[in-house]
file start-v9.cif (mmCIF, C-alpha atoms and all ligand atoms; chains and numbers go by the auth columns)
data_my_file
#
loop_
_atom_site.group_PDB
_atom_site.id
_atom_site.type_symbol
_atom_site.label_atom_id
_atom_site.label_comp_id
_atom_site.label_asym_id
_atom_site.label_seq_id
_atom_site.Cartn_x
_atom_site.Cartn_y
_atom_site.Cartn_z
_atom_site.B_iso_or_equiv
_atom_site.auth_seq_id
_atom_site.auth_asym_id
ATOM 1 C CA MET A 1 5.399 -34.164 -8.395 0.00 1 A
ATOM 2 C CA ALA A 2 2.780 -31.795 -7.090 0.00 2 A
ATOM 3 C CA CYS A 3 3.114 -29.506 -10.085 0.00 3 A
ATOM 4 C CA ILE A 4 1.185 -29.986 -13.281 0.00 4 A
ATOM 5 C CA ASP A 5 3.639 -30.308 -16.132 0.00 5 A
ATOM 6 C CA THR A 6 2.010 -31.167 -19.430 0.00 6 A
ATOM 7 C CA SER A 7 3.457 -31.795 -22.871 0.00 7 A
ATOM 8 C CA LYS A 8 2.374 -28.252 -23.709 0.00 8 A
ATOM 9 C CA HIS A 9 4.565 -26.886 -20.905 0.00 9 A
ATOM 10 C CA GLN A 10 7.415 -29.103 -22.080 0.00 10 A
ATOM 11 C CA GLY A 11 6.988 -27.876 -25.641 0.00 11 A
ATOM 12 C CA LEU A 12 7.087 -24.255 -24.494 0.00 12 A
ATOM 13 C CA ARG A 13 10.255 -24.987 -22.533 0.00 13 A
ATOM 14 C CA LYS A 14 11.925 -26.556 -25.550 0.00 14 A
ATOM 15 C CA ARG A 15 11.130 -23.415 -27.499 0.00 15 A
ATOM 16 C CA MET A 16 12.419 -21.239 -24.645 0.00 16 A
ATOM 17 C CA ALA A 17 15.683 -23.209 -24.499 0.00 17 A
ATOM 18 C CA LYS A 18 16.061 -22.861 -28.302 0.00 18 A
ATOM 19 C CA GLU A 19 15.569 -19.114 -27.992 0.00 19 A
ATOM 20 C CA VAL A 20 18.238 -18.928 -25.278 0.00 20 A
ATOM 21 C CA GLN A 21 20.530 -21.049 -27.458 0.00 21 A
ATOM 22 C CA GLY A 22 19.916 -18.634 -30.349 0.00 22 A
ATOM 23 C CA LYS A 23 21.144 -15.820 -28.105 0.00 23 A
ATOM 24 C CA GLY A 24 24.514 -17.534 -27.687 0.00 24 A
ATOM 25 C CA ILE A 25 24.275 -20.163 -24.930 0.00 25 A
ATOM 26 C CA SER A 26 25.717 -23.389 -26.336 0.00 26 A
ATOM 27 C CA ASP A 27 26.374 -25.517 -23.214 0.00 27 A
ATOM 28 C CA PRO A 28 24.080 -28.575 -23.597 0.00 28 A
ATOM 29 C CA VAL A 29 24.012 -29.124 -19.824 0.00 29 A
ATOM 30 C CA ILE A 30 22.555 -25.644 -19.249 0.00 30 A
ATOM 31 C CA LEU A 31 20.058 -26.004 -22.094 0.00 31 A
ATOM 32 C CA ALA A 32 18.950 -29.408 -20.767 0.00 32 A
ATOM 33 C CA ALA A 33 18.410 -27.911 -17.299 0.00 33 A
ATOM 34 C CA LEU A 34 16.252 -25.124 -18.800 0.00 34 A
ATOM 35 C CA GLU A 35 14.185 -27.779 -20.560 0.00 35 A
ATOM 36 C CA LYS A 36 13.802 -29.739 -17.335 0.00 36 A
ATOM 37 C CA VAL A 37 12.801 -27.175 -14.680 0.00 37 A
ATOM 38 C CA PRO A 38 9.024 -26.392 -14.725 0.00 38 A
ATOM 39 C CA ARG A 39 9.410 -22.602 -14.711 0.00 39 A
ATOM 40 C CA HIS A 40 5.639 -21.991 -14.764 0.00 40 A
ATOM 41 C CA SER A 41 5.220 -23.550 -11.333 0.00 41 A
ATOM 42 C CA PHE A 42 7.675 -21.102 -9.685 0.00 42 A
ATOM 43 C CA VAL A 43 5.183 -18.261 -9.972 0.00 43 A
ATOM 44 C CA ASP A 44 1.801 -18.145 -8.208 0.00 44 A
ATOM 45 C CA ARG A 45 -0.879 -19.207 -10.642 0.00 45 A
ATOM 46 C CA LEU A 46 -3.704 -17.108 -11.899 0.00 46 A
ATOM 47 C CA LYS A 47 -6.750 -19.145 -11.052 0.00 47 A
ATOM 48 C CA GLU A 48 -9.503 -16.844 -12.325 0.00 48 A
ATOM 49 C CA SER A 49 -10.019 -18.413 -15.741 0.00 49 A
ATOM 50 C CA THR A 50 -8.502 -20.839 -18.196 0.00 50 A
ATOM 51 C CA MET A 51 -7.868 -17.968 -20.597 0.00 51 A
ATOM 52 C CA MET A 52 -5.736 -16.175 -18.058 0.00 52 A
ATOM 53 C CA GLU A 53 -3.933 -19.379 -17.213 0.00 53 A
ATOM 54 C CA THR A 54 -3.090 -19.911 -20.880 0.00 54 A
ATOM 55 C CA ALA A 55 -1.867 -16.341 -21.238 0.00 55 A
ATOM 56 C CA PHE A 56 0.220 -16.713 -18.079 0.00 56 A
ATOM 57 C CA VAL A 57 1.828 -19.948 -19.211 0.00 57 A
ATOM 58 C CA SER A 58 2.911 -18.585 -22.584 0.00 58 A
ATOM 59 C CA ARG A 59 4.167 -15.384 -20.933 0.00 59 A
ATOM 60 C CA ILE A 60 6.277 -17.208 -18.339 0.00 60 A
ATOM 61 C CA TYR A 61 7.983 -19.184 -21.113 0.00 61 A
ATOM 62 C CA GLU A 62 8.937 -16.068 -23.031 0.00 62 A
ATOM 63 C CA ASP A 63 12.534 -15.034 -22.537 0.00 63 A
ATOM 64 C CA GLN A 64 11.658 -12.342 -19.996 0.00 64 A
ATOM 65 C CA ALA A 65 11.787 -11.681 -16.255 0.00 65 A
ATOM 66 C CA PHE A 66 8.496 -12.066 -14.355 0.00 66 A
ATOM 67 C CA PRO A 67 7.273 -10.631 -11.016 0.00 67 A
ATOM 68 C CA ILE A 68 7.062 -13.162 -8.166 0.00 68 A
ATOM 69 C CA GLY A 69 5.638 -10.881 -5.438 0.00 69 A
ATOM 70 C CA ALA A 70 7.394 -9.015 -2.619 0.00 70 A
ATOM 71 C CA GLY A 71 8.754 -6.649 -5.296 0.00 71 A
ATOM 72 C CA GLN A 72 11.020 -9.395 -6.662 0.00 72 A
ATOM 73 C CA THR A 73 11.365 -11.178 -9.978 0.00 73 A
ATOM 74 C CA ILE A 74 12.191 -14.581 -11.396 0.00 74 A
ATOM 75 C CA SER A 75 15.144 -13.771 -13.672 0.00 75 A
ATOM 76 C CA GLN A 76 14.941 -13.870 -17.453 0.00 76 A
ATOM 77 C CA PRO A 77 15.871 -17.348 -18.768 0.00 77 A
ATOM 78 C CA PHE A 78 18.725 -15.924 -20.862 0.00 78 A
ATOM 79 C CA THR A 79 20.146 -14.147 -17.812 0.00 79 A
ATOM 80 C CA VAL A 80 19.940 -17.334 -15.722 0.00 80 A
ATOM 81 C CA ALA A 81 21.701 -19.243 -18.509 0.00 81 A
ATOM 82 C CA PHE A 82 24.297 -16.523 -19.129 0.00 82 A
ATOM 83 C CA GLN A 83 25.286 -16.180 -15.466 0.00 83 A
ATOM 84 C CA THR A 84 25.391 -19.963 -15.166 0.00 84 A
ATOM 85 C CA SER A 85 27.606 -20.264 -18.253 0.00 85 A
ATOM 86 C CA LEU A 86 30.077 -17.755 -16.768 0.00 86 A
ATOM 87 C CA LEU A 87 30.498 -20.072 -13.772 0.00 87 A
ATOM 88 C CA GLU A 88 31.754 -22.924 -16.047 0.00 88 A
ATOM 89 C CA LEU A 89 30.368 -25.468 -13.581 0.00 89 A
ATOM 90 C CA LYS A 90 31.525 -29.025 -13.150 0.00 90 A
ATOM 91 C CA ARG A 91 29.346 -31.720 -11.582 0.00 91 A
ATOM 92 C CA GLY A 92 29.725 -32.000 -7.833 0.00 92 A
ATOM 93 C CA GLU A 93 30.966 -28.448 -7.338 0.00 93 A
ATOM 94 C CA LYS A 94 29.788 -26.407 -4.390 0.00 94 A
ATOM 95 C CA VAL A 95 27.988 -23.223 -5.415 0.00 95 A
ATOM 96 C CA LEU A 96 26.777 -20.313 -3.292 0.00 96 A
ATOM 97 C CA GLU A 97 23.784 -18.416 -4.676 0.00 97 A
ATOM 98 C CA ILE A 98 22.899 -14.990 -3.296 0.00 98 A
ATOM 99 C CA GLY A 99 19.195 -14.177 -3.800 0.00 99 A
ATOM 100 C CA THR A 100 17.088 -17.354 -3.807 0.00 100 A
ATOM 101 C CA GLY A 101 14.028 -15.422 -5.032 0.00 101 A
ATOM 102 C CA SER A 102 11.624 -17.909 -6.609 0.00 102 A
ATOM 103 C CA GLY A 103 14.107 -20.799 -6.343 0.00 103 A
ATOM 104 C CA TYR A 104 14.223 -21.152 -10.134 0.00 104 A
ATOM 105 C CA GLN A 105 17.970 -20.622 -10.508 0.00 105 A
ATOM 106 C CA THR A 106 18.524 -23.001 -7.566 0.00 106 A
ATOM 107 C CA ALA A 107 16.603 -25.723 -9.419 0.00 107 A
ATOM 108 C CA VAL A 108 18.527 -25.075 -12.652 0.00 108 A
ATOM 109 C CA LEU A 109 21.803 -25.481 -10.743 0.00 109 A
ATOM 110 C CA LEU A 110 20.561 -28.695 -9.084 0.00 110 A
ATOM 111 C CA GLU A 111 19.667 -30.138 -12.494 0.00 111 A
ATOM 112 C CA MET A 112 23.277 -29.479 -13.502 0.00 112 A
ATOM 113 C CA GLY A 113 24.539 -31.741 -10.734 0.00 113 A
ATOM 114 C CA VAL A 114 26.059 -29.166 -8.403 0.00 114 A
ATOM 115 C CA LYS A 115 25.577 -28.620 -4.658 0.00 115 A
ATOM 116 C CA VAL A 116 23.695 -25.427 -3.924 0.00 116 A
ATOM 117 C CA PHE A 117 23.737 -23.141 -0.882 0.00 117 A
ATOM 118 C CA SER A 118 21.294 -20.299 -1.416 0.00 118 A
ATOM 119 C CA ILE A 119 20.611 -17.197 0.716 0.00 119 A
ATOM 120 C CA GLU A 120 17.492 -15.009 0.656 0.00 120 A
ATOM 121 C CA ARG A 121 16.903 -11.914 2.774 0.00 121 A
ATOM 122 C CA GLN A 122 13.108 -11.792 2.455 0.00 122 A
ATOM 123 C CA LYS A 123 11.648 -14.179 4.965 0.00 123 A
ATOM 124 C CA THR A 124 8.405 -14.771 3.056 0.00 124 A
ATOM 125 C CA LEU A 125 10.317 -15.805 -0.057 0.00 125 A
ATOM 126 C CA TYR A 126 12.716 -17.981 1.908 0.00 126 A
ATOM 127 C CA GLU A 127 9.824 -19.796 3.618 0.00 127 A
ATOM 128 C CA LYS A 128 7.875 -20.165 0.405 0.00 128 A
ATOM 129 C CA VAL A 129 10.780 -21.718 -1.512 0.00 129 A
ATOM 130 C CA LYS A 130 11.619 -24.021 1.402 0.00 130 A
ATOM 131 C CA ARG A 131 8.100 -25.473 1.158 0.00 131 A
ATOM 132 C CA PHE A 132 7.839 -25.296 -2.601 0.00 132 A
ATOM 133 C CA LEU A 133 11.019 -27.002 -3.870 0.00 133 A
ATOM 134 C CA PRO A 134 10.213 -30.302 -2.092 0.00 134 A
ATOM 135 C CA GLU A 135 6.641 -30.058 -3.437 0.00 135 A
ATOM 136 C CA ILE A 136 7.861 -30.132 -7.035 0.00 136 A
ATOM 137 C CA GLY A 137 10.256 -32.988 -6.414 0.00 137 A
ATOM 138 C CA TYR A 138 13.432 -31.405 -5.002 0.00 138 A
ATOM 139 C CA ASP A 139 13.403 -33.441 -1.799 0.00 139 A
ATOM 140 C CA PRO A 140 16.141 -31.937 0.435 0.00 140 A
ATOM 141 C CA PHE A 141 17.110 -35.435 1.589 0.00 141 A
ATOM 142 C CA LYS A 142 17.805 -36.519 -1.988 0.00 142 A
ATOM 143 C CA TRP A 143 19.016 -33.341 -3.643 0.00 143 A
ATOM 144 C CA PRO A 144 22.146 -31.523 -2.445 0.00 144 A
ATOM 145 C CA TYR A 145 20.893 -28.100 -1.428 0.00 145 A
ATOM 146 C CA LYS A 146 20.451 -25.891 1.609 0.00 146 A
ATOM 147 C CA LEU A 147 18.409 -22.707 1.833 0.00 147 A
ATOM 148 C CA PHE A 148 19.242 -19.902 4.267 0.00 148 A
ATOM 149 C CA TYR A 149 17.399 -16.845 5.489 0.00 149 A
ATOM 150 C CA GLY A 150 20.112 -14.243 5.843 0.00 150 A
ATOM 151 C CA ASP A 151 22.194 -11.459 4.387 0.00 151 A
ATOM 152 C CA GLY A 152 23.945 -12.253 1.142 0.00 152 A
ATOM 153 C CA TYR A 153 26.563 -9.527 1.678 0.00 153 A
ATOM 154 C CA ALA A 154 28.052 -11.704 4.407 0.00 154 A
ATOM 155 C CA GLY A 155 27.960 -14.951 2.400 0.00 155 A
ATOM 156 C CA LEU A 156 28.104 -18.189 4.392 0.00 156 A
ATOM 157 C CA PRO A 157 31.479 -18.336 6.141 0.00 157 A
ATOM 158 C CA ALA A 158 30.547 -21.546 7.995 0.00 158 A
ATOM 159 C CA PHE A 159 30.119 -23.434 4.708 0.00 159 A
ATOM 160 C CA SER A 160 32.969 -21.820 2.772 0.00 160 A
ATOM 161 C CA PRO A 161 35.052 -22.148 0.683 0.00 161 A
ATOM 162 C CA PHE A 162 32.896 -22.427 -2.464 0.00 162 A
ATOM 163 C CA ASP A 163 33.933 -23.427 -5.972 0.00 163 A
ATOM 164 C CA ASN A 164 31.745 -20.697 -7.397 0.00 164 A
ATOM 165 C CA ILE A 165 29.504 -17.881 -6.188 0.00 165 A
ATOM 166 C CA LEU A 166 26.566 -16.427 -8.087 0.00 166 A
ATOM 167 C CA VAL A 167 24.847 -13.180 -7.125 0.00 167 A
ATOM 168 C CA THR A 168 21.382 -12.774 -8.676 0.00 168 A
ATOM 169 C CA ALA A 169 20.676 -9.174 -7.602 0.00 169 A
ATOM 170 C CA GLY A 170 22.420 -5.933 -8.615 0.00 170 A
ATOM 171 C CA ALA A 171 25.143 -5.076 -6.095 0.00 171 A
ATOM 172 C CA PRO A 172 26.401 -1.506 -5.544 0.00 172 A
ATOM 173 C CA PHE A 173 29.890 -2.924 -4.897 0.00 173 A
ATOM 174 C CA ILE A 174 31.640 -6.295 -4.666 0.00 174 A
ATOM 175 C CA PRO A 175 31.254 -7.645 -1.129 0.00 175 A
ATOM 176 C CA GLU A 176 34.683 -8.575 0.245 0.00 176 A
ATOM 177 C CA PRO A 177 33.419 -11.617 2.237 0.00 177 A
ATOM 178 C CA LEU A 178 32.273 -13.251 -1.027 0.00 178 A
ATOM 179 C CA LYS A 179 35.779 -12.966 -2.507 0.00 179 A
ATOM 180 C CA GLN A 180 37.213 -14.449 0.683 0.00 180 A
ATOM 181 C CA GLN A 181 34.789 -17.378 0.596 0.00 181 A
ATOM 182 C CA LEU A 182 35.930 -18.521 -2.865 0.00 182 A
ATOM 183 C CA LYS A 183 38.365 -21.375 -3.359 0.00 183 A
ATOM 184 C CA VAL A 184 41.557 -20.524 -5.228 0.00 184 A
ATOM 185 C CA GLY A 185 40.606 -21.164 -8.863 0.00 185 A
ATOM 186 C CA GLY A 186 36.972 -20.283 -8.096 0.00 186 A
ATOM 187 C CA LYS A 187 34.767 -17.645 -9.724 0.00 187 A
ATOM 188 C CA LEU A 188 32.359 -15.007 -8.504 0.00 188 A
ATOM 189 C CA VAL A 189 29.704 -13.816 -10.971 0.00 189 A
ATOM 190 C CA ILE A 190 27.993 -10.619 -9.859 0.00 190 A
ATOM 191 C CA PRO A 191 26.032 -7.838 -11.574 0.00 191 A
ATOM 192 C CA VAL A 192 27.516 -4.583 -10.273 0.00 192 A
ATOM 193 C CA GLY A 193 25.999 -1.129 -10.409 0.00 193 A
ATOM 194 C CA GLU A 194 23.314 0.995 -8.819 0.00 194 A
ATOM 195 C CA GLY A 195 20.286 2.317 -10.653 0.00 195 A
ATOM 196 C CA ASP A 196 18.795 0.916 -13.810 0.00 196 A
ATOM 197 C CA SER A 197 21.525 -1.288 -15.161 0.00 197 A
ATOM 198 C CA GLN A 198 24.459 -3.323 -13.993 0.00 198 A
ATOM 199 C CA ILE A 199 27.661 -4.653 -15.542 0.00 199 A
ATOM 200 C CA MET A 200 28.062 -8.407 -15.296 0.00 200 A
ATOM 201 C CA ILE A 201 31.392 -8.947 -13.571 0.00 201 A
ATOM 202 C CA ARG A 202 33.285 -12.218 -13.302 0.00 202 A
ATOM 203 C CA ILE A 203 36.083 -12.382 -10.775 0.00 203 A
ATOM 204 C CA LYS A 204 38.521 -15.283 -10.793 0.00 204 A
ATOM 205 C CA LYS A 205 40.485 -15.986 -7.652 0.00 205 A
ATOM 206 C CA ILE A 206 43.960 -16.912 -8.824 0.00 206 A
ATOM 207 C CA SER A 207 45.666 -17.018 -5.420 0.00 207 A
ATOM 208 C CA GLU A 208 44.690 -16.299 -1.802 0.00 208 A
ATOM 209 C CA ASN A 209 44.865 -12.553 -2.487 0.00 209 A
ATOM 210 C CA GLU A 210 44.987 -12.143 -6.268 0.00 210 A
ATOM 211 C CA PHE A 211 41.887 -11.719 -8.407 0.00 211 A
ATOM 212 C CA VAL A 212 41.292 -11.182 -12.114 0.00 212 A
ATOM 213 C CA THR A 213 38.210 -9.167 -13.084 0.00 213 A
ATOM 214 C CA GLU A 214 36.349 -9.353 -16.409 0.00 214 A
ATOM 215 C CA GLU A 215 33.287 -7.492 -17.672 0.00 215 A
ATOM 216 C CA HIS A 216 30.531 -9.306 -19.543 0.00 216 A
ATOM 217 C CA GLY A 217 27.989 -6.748 -20.694 0.00 217 A
ATOM 218 C CA LYS A 218 25.018 -4.846 -19.323 0.00 218 A
ATOM 219 C CA PHE A 219 22.034 -6.391 -17.516 0.00 219 A
ATOM 220 C CA ARG A 220 19.108 -5.254 -15.415 0.00 220 A
ATOM 221 C CA PHE A 221 18.524 -6.715 -11.931 0.00 221 A
ATOM 222 C CA VAL A 222 16.536 -5.916 -8.796 0.00 222 A
ATOM 223 C CA PRO A 223 18.897 -4.449 -6.158 0.00 223 A
ATOM 224 C CA LEU A 224 20.972 -6.426 -3.674 0.00 224 A
ATOM 225 C CA LEU A 225 19.676 -4.741 -0.544 0.00 225 A
ATOM 226 C CA GLU A 226 21.674 -3.768 2.504 0.00 226 A
ATOM 227 C CA ASN A 227 21.133 -5.612 5.731 0.00 227 A
ATOM 228 C CA LYS A 228 17.672 -5.351 7.255 0.00 228 A
ATOM 229 C CA ALA A 229 17.273 -4.815 10.986 0.00 229 A
ATOM 230 C CA GLY A 230 16.998 -8.157 12.700 0.00 230 A
ATOM 231 C CA LEU A 231 19.136 -10.197 10.303 0.00 231 A
HETATM 232 N N1 LIG B . 17.703 -16.289 -8.375 0.00 1 B
HETATM 233 C C1 LIG B . 16.363 -15.779 -8.351 0.00 1 B
HETATM 234 C C2 LIG B . 16.284 -14.331 -8.797 0.00 1 B
HETATM 235 C C3 LIG B . 15.934 -13.538 -7.636 0.00 1 B
HETATM 236 S S1 LIG B . 15.796 -11.811 -7.742 0.00 1 B
HETATM 237 C C4 LIG B . 15.398 -16.633 -9.165 0.00 1 B
HETATM 238 O O1 LIG B . 15.859 -17.516 -9.885 0.00 1 B
HETATM 239 O O2 LIG B . 14.201 -16.449 -9.046 0.00 1 B
HETATM 240 C C5 LIG B . 16.946 -11.364 -6.472 0.00 1 B
HETATM 241 C C6 LIG B . 16.662 -11.847 -5.064 0.00 1 B
HETATM 242 O O3 LIG B . 17.715 -11.366 -4.233 0.00 1 B
HETATM 243 C C7 LIG B . 15.363 -11.333 -4.457 0.00 1 B
HETATM 244 O O4 LIG B . 14.587 -12.409 -4.036 0.00 1 B
HETATM 245 C C8 LIG B . 15.832 -10.487 -3.272 0.00 1 B
HETATM 246 O O5 LIG B . 14.956 -10.537 -2.163 0.00 1 B
HETATM 247 C C9 LIG B . 17.175 -11.108 -2.949 0.00 1 B
HETATM 248 N N2 LIG B . 18.099 -10.246 -2.218 0.00 1 B
HETATM 249 C C10 LIG B . 18.245 -8.903 -2.320 0.00 1 B
HETATM 250 N N3 LIG B . 19.206 -8.476 -1.471 0.00 1 B
HETATM 251 C C11 LIG B . 19.682 -9.587 -0.816 0.00 1 B
HETATM 252 C C12 LIG B . 20.677 -9.799 0.187 0.00 1 B
HETATM 253 N N4 LIG B . 21.394 -8.791 0.705 0.00 1 B
HETATM 254 N N5 LIG B . 20.890 -11.057 0.621 0.00 1 B
HETATM 255 C C13 LIG B . 20.176 -12.124 0.104 0.00 1 B
HETATM 256 N N6 LIG B . 19.222 -11.965 -0.838 0.00 1 B
HETATM 257 C C14 LIG B . 18.972 -10.726 -1.300 0.00 1 B
#

call {"tool": "encode", "arguments": {"input": "start-v9.cif", "output": "structure tokens", "more": "lines below"}}
Ligand code: SAH
result
Amino acid sequence: MACIDTSKHQGLRKRMAKEVQGKGISDPVILAALEKVPRHSFVDRLKESTMMETAFVSRIYEDQAFPIGAGQTISQPFTVAFQTSLLELKRGEKVLEIGTGSGYQTAVLLEMGVKVFSIERQKTLYEKVKRFLPEIGYDPFKWPYKLFYGDGYAGLPAFSPFDNILVTAGAPFIPEPLKQQLKVGGKLVIPVGEGDSQIMIRIKKISENEFVTEEHGKFRFVPLLENKAGL
């Protein structure tokens, strides 16, 4: 592993997972994945001084979102865990993630034993994560994942259907192609709403054209952006 992961980092992660558990996440598979993934290495390090490094490391392991550059964030650990819990994943399932961002959620899903297809619309982030995940041990020849530079509104028709779909940015509406790309029995978890806050929506596909929608509280996400020229 190219990343430095000390017992201090591991201790902070244990504490972070406990905090997330205290907020209502009980699935041991999710908590174990949070303990495993070296969250501090998903954000560019502050190299100026050891003091700053120490401050950064404790901050990244607080239950909060953190900026990753390009105006984007690595989601709050509780939010990652909560969205993941709504998916009710089983090992071996095929999951589509919209908004790769830092790649943190992708790694959490991989640690849970699912196959991940993840789309990012910012080329710099896509390229960075493609280099970075193998560097910290997620060798694409050994781990079941594929990263795509593209528009999440369209999903990935060529690789559909998916057992579950997870959107990690706030969407102004529910993109129809994502509902189509679900298997019958599958779930789409998506924060919906423009502006400052979104409602976490879970949609279950119960037949080819029947869906059941549930609401799961208010969250705050960066926006799912409309297609950029050239994509
Ligand atoms: N899952 C990420 C959180 C990323 S924040 C993590 O664990 O770090 C949301 C991400 O969605 C951002 O990186 C943003 O660039 C991306 N995004 C926004 N609109 C998108 C779209 N239409 N298609 C794909 N990705 C999009």

call {"tool": "closest_residue", "arguments": {"input": "start-v9.cif", "among": "A:Val184, A:Ala70, A:Val29, A:Val95", "to": "Lys146 (chain A)", "atoms": "all atoms listed in the file"}}
result
A:Val95

call {"tool": "residues_around", "arguments": {"input": "start-v9.cif", "residues": "Phe173 (chain A)", "least_positions_apart": "6", "cutoff": "10 Å", "atoms": "all atoms listed in the file", "output": "list in words"}}
result
Tyr153, Ile190, Pro191, Val192, Gly193, Glu194 and Leu224 of chain A

call {"tool": "resolve_selection", "arguments": {"input": "start-v9.cif", "expression": "the PyMOL selection byres (((chain A and resi 162) around 6) and not hetatm)", "output": "ChimeraX atom specification"}}
result
/A:94-95,160-161,163-164,182-183

call {"tool": "residues_near_ligand", "arguments": {"input": "start-v9.cif", "ligand": "ligand LIG 1 (chain B)", "cutoff": "7 Å", "atoms": "all atoms listed in the file", "output": "VMD selection string"}}
result
chain A and resid 72 to 75 98 to 106 119 to 122 125 150 to 153 168 to 169 222 to 227

call {"tool": "closest_residue", "arguments": {"input": "start-v9.cif", "among": "A:Val43, A:Gly195, A:Thr84, A:Cys3", "to": "Pro134 (chain A)", "atoms": "only C-alpha atoms"}}
result
A:Cys3

call {"tool": "residues_around", "arguments": {"input": "start-v9.cif", "residues": "region 56-63 of chain A", "least_positions_apart": "5", "cutoff": "12 Å", "atoms": "all atoms listed in the file", "output": "count of residues only"}}
result
46

call {"tool": "resolve_selection", "arguments": {"input": "start-v9.cif", "expression": "the PyMOL selection byres (((chain A and resi 216) around 6) and not hetatm)", "output": "list in words"}}
result
Met200, Glu215 and Gly217 of chain A

call {"tool": "atom_distance", "arguments": {"input": "start-v9.cif", "atom1": "CA of Gly137 (chain A)", "atom2": "CA of Val167 (chain A)"}}
result
24.6 Å

call {"tool": "residues_near_point", "arguments": {"input": "start-v9.cif", "point": "(33.1, -8.1, 3.0)", "cutoff": "12 Å", "atoms": "all atoms listed in the file", "output": "NGL selection string"}}
result
:A and (151-157 or 173-181)

call {"tool": "atom_distance", "arguments": {"input": "start-v9.cif", "atom1": "CA of Ile25 (chain A)", "atom2": "CA of Gly92 (chain A)"}}
result
21.5 Å

call {"tool": "closest_residue", "arguments": {"input": "start-v9.cif", "among": "A:Glu214, A:Phe221, A:Tyr149, A:Ala32", "to": "Pro67 (chain A)", "atoms": "all atoms listed in the file"}}
result
A:Phe221

call {"tool": "atom_distance", "arguments": {"input": "start-v9.cif", "atom1": "CA of Phe159 (chain A)", "atom2": "CA of Trp143 (chain A)"}}
result
17.1 Å

call {"tool": "resolve_selection", "arguments": {"input": "start-v9.cif", "expression": "the PyMOL selection byres (((chain A and resi 115) around 8) and not hetatm)", "output": "PyMOL selection string"}}
result
chain A and resi 92-95+109-110+113-114+116-117+144-145

call {"tool": "axis_aligned_box", "arguments": {"input": "start-v9.cif", "around": "region 120-133 of chain A", "padding_each_side": "3 Å", "output": "JSON"}}
result
{"center_x": 12.7, "center_y": -19.4, "center_z": 0.5, "size_x": 15.7, "size_y": 21.2, "size_z": 14.8}

call {"tool": "closest_residue", "arguments": {"input": "start-v9.cif", "among": "A:Lys123, A:Glu88, A:Leu31, A:Lys36", "to": "Ile136 (chain A)", "atoms": "all atoms listed in the file"}}
result
A:Lys36

call {"tool": "decode", "arguments": {"input": "start-v9.cif", "residues": "region 219-228 of chain A", "atoms": "N, CA, C and O atoms", "output": "mmCIF file, in the first residue's frame"}}
result
data_model
loop_
_atom_site.group_PDB
_atom_site.id
_atom_site.type_symbol
_atom_site.label_atom_id
_atom_site.label_comp_id
_atom_site.auth_asym_id
_atom_site.auth_seq_id
_atom_site.Cartn_x
_atom_site.Cartn_y
_atom_site.Cartn_z
ATOM 1 N N PHE A 219 -30.938 15.777 3.939
ATOM 2 C CA PHE A 219 -29.469 15.746 3.863
ATOM 3 C C PHE A 219 -29.007 16.951 3.043
ATOM 4 O O PHE A 219 -29.819 17.648 2.435
ATOM 5 N N ARG A 220 -27.685 17.113 3.012
ATOM 6 C CA ARG A 220 -27.120 18.232 2.260
ATOM 7 C C ARG A 220 -26.013 17.702 1.341
ATOM 8 O O ARG A 220 -25.024 17.133 1.814
ATOM 9 N N PHE A 221 -26.196 17.860 0.043
ATOM 10 C CA PHE A 221 -25.229 17.345 -0.942
ATOM 11 C C PHE A 221 -24.805 18.440 -1.914
ATOM 12 O O PHE A 221 -25.542 19.405 -2.110
ATOM 13 N N VAL A 222 -23.654 18.243 -2.570
ATOM 14 C CA VAL A 222 -23.312 19.104 -3.707
ATOM 15 C C VAL A 222 -24.241 18.685 -4.857
ATOM 16 O O VAL A 222 -24.712 17.554 -4.890
ATOM 17 N N PRO A 223 -24.514 19.619 -5.807
ATOM 18 C CA PRO A 223 -25.519 19.294 -6.835
ATOM 19 C C PRO A 223 -25.067 18.277 -7.883
ATOM 20 O O PRO A 223 -23.891 18.219 -8.241
ATOM 21 N N LEU A 224 -26.035 17.479 -8.339
ATOM 22 C CA LEU A 224 -25.836 16.622 -9.507
ATOM 23 C C LEU A 224 -26.015 17.543 -10.702
ATOM 24 O O LEU A 224 -27.101 18.074 -10.937
ATOM 25 N N LEU A 225 -24.916 17.778 -11.426
ATOM 26 C CA LEU A 225 -24.940 18.813 -12.460
ATOM 27 C C LEU A 225 -25.388 18.256 -13.794
ATOM 28 O O LEU A 225 -25.130 17.101 -14.128
ATOM 29 N N GLU A 226 -26.060 19.137 -14.541
ATOM 30 C CA GLU A 226 -26.518 18.763 -15.885
ATOM 31 C C GLU A 226 -25.310 18.524 -16.779
ATOM 32 O O GLU A 226 -24.213 18.990 -16.499
ATOM 33 N N ASN A 227 -25.584 17.864 -17.867
ATOM 34 C CA ASN A 227 -24.527 17.514 -18.815
ATOM 35 C C ASN A 227 -23.659 18.711 -19.213
ATOM 36 O O ASN A 227 -24.144 19.794 -19.428
ATOM 37 N N LYS A 228 -22.360 18.452 -19.259
ATOM 38 C CA LYS A 228 -21.410 19.484 -19.692
ATOM 39 C C LYS A 228 -21.181 19.288 -21.173
ATOM 40 O O LYS A 228 -21.181 18.168 -21.653
#
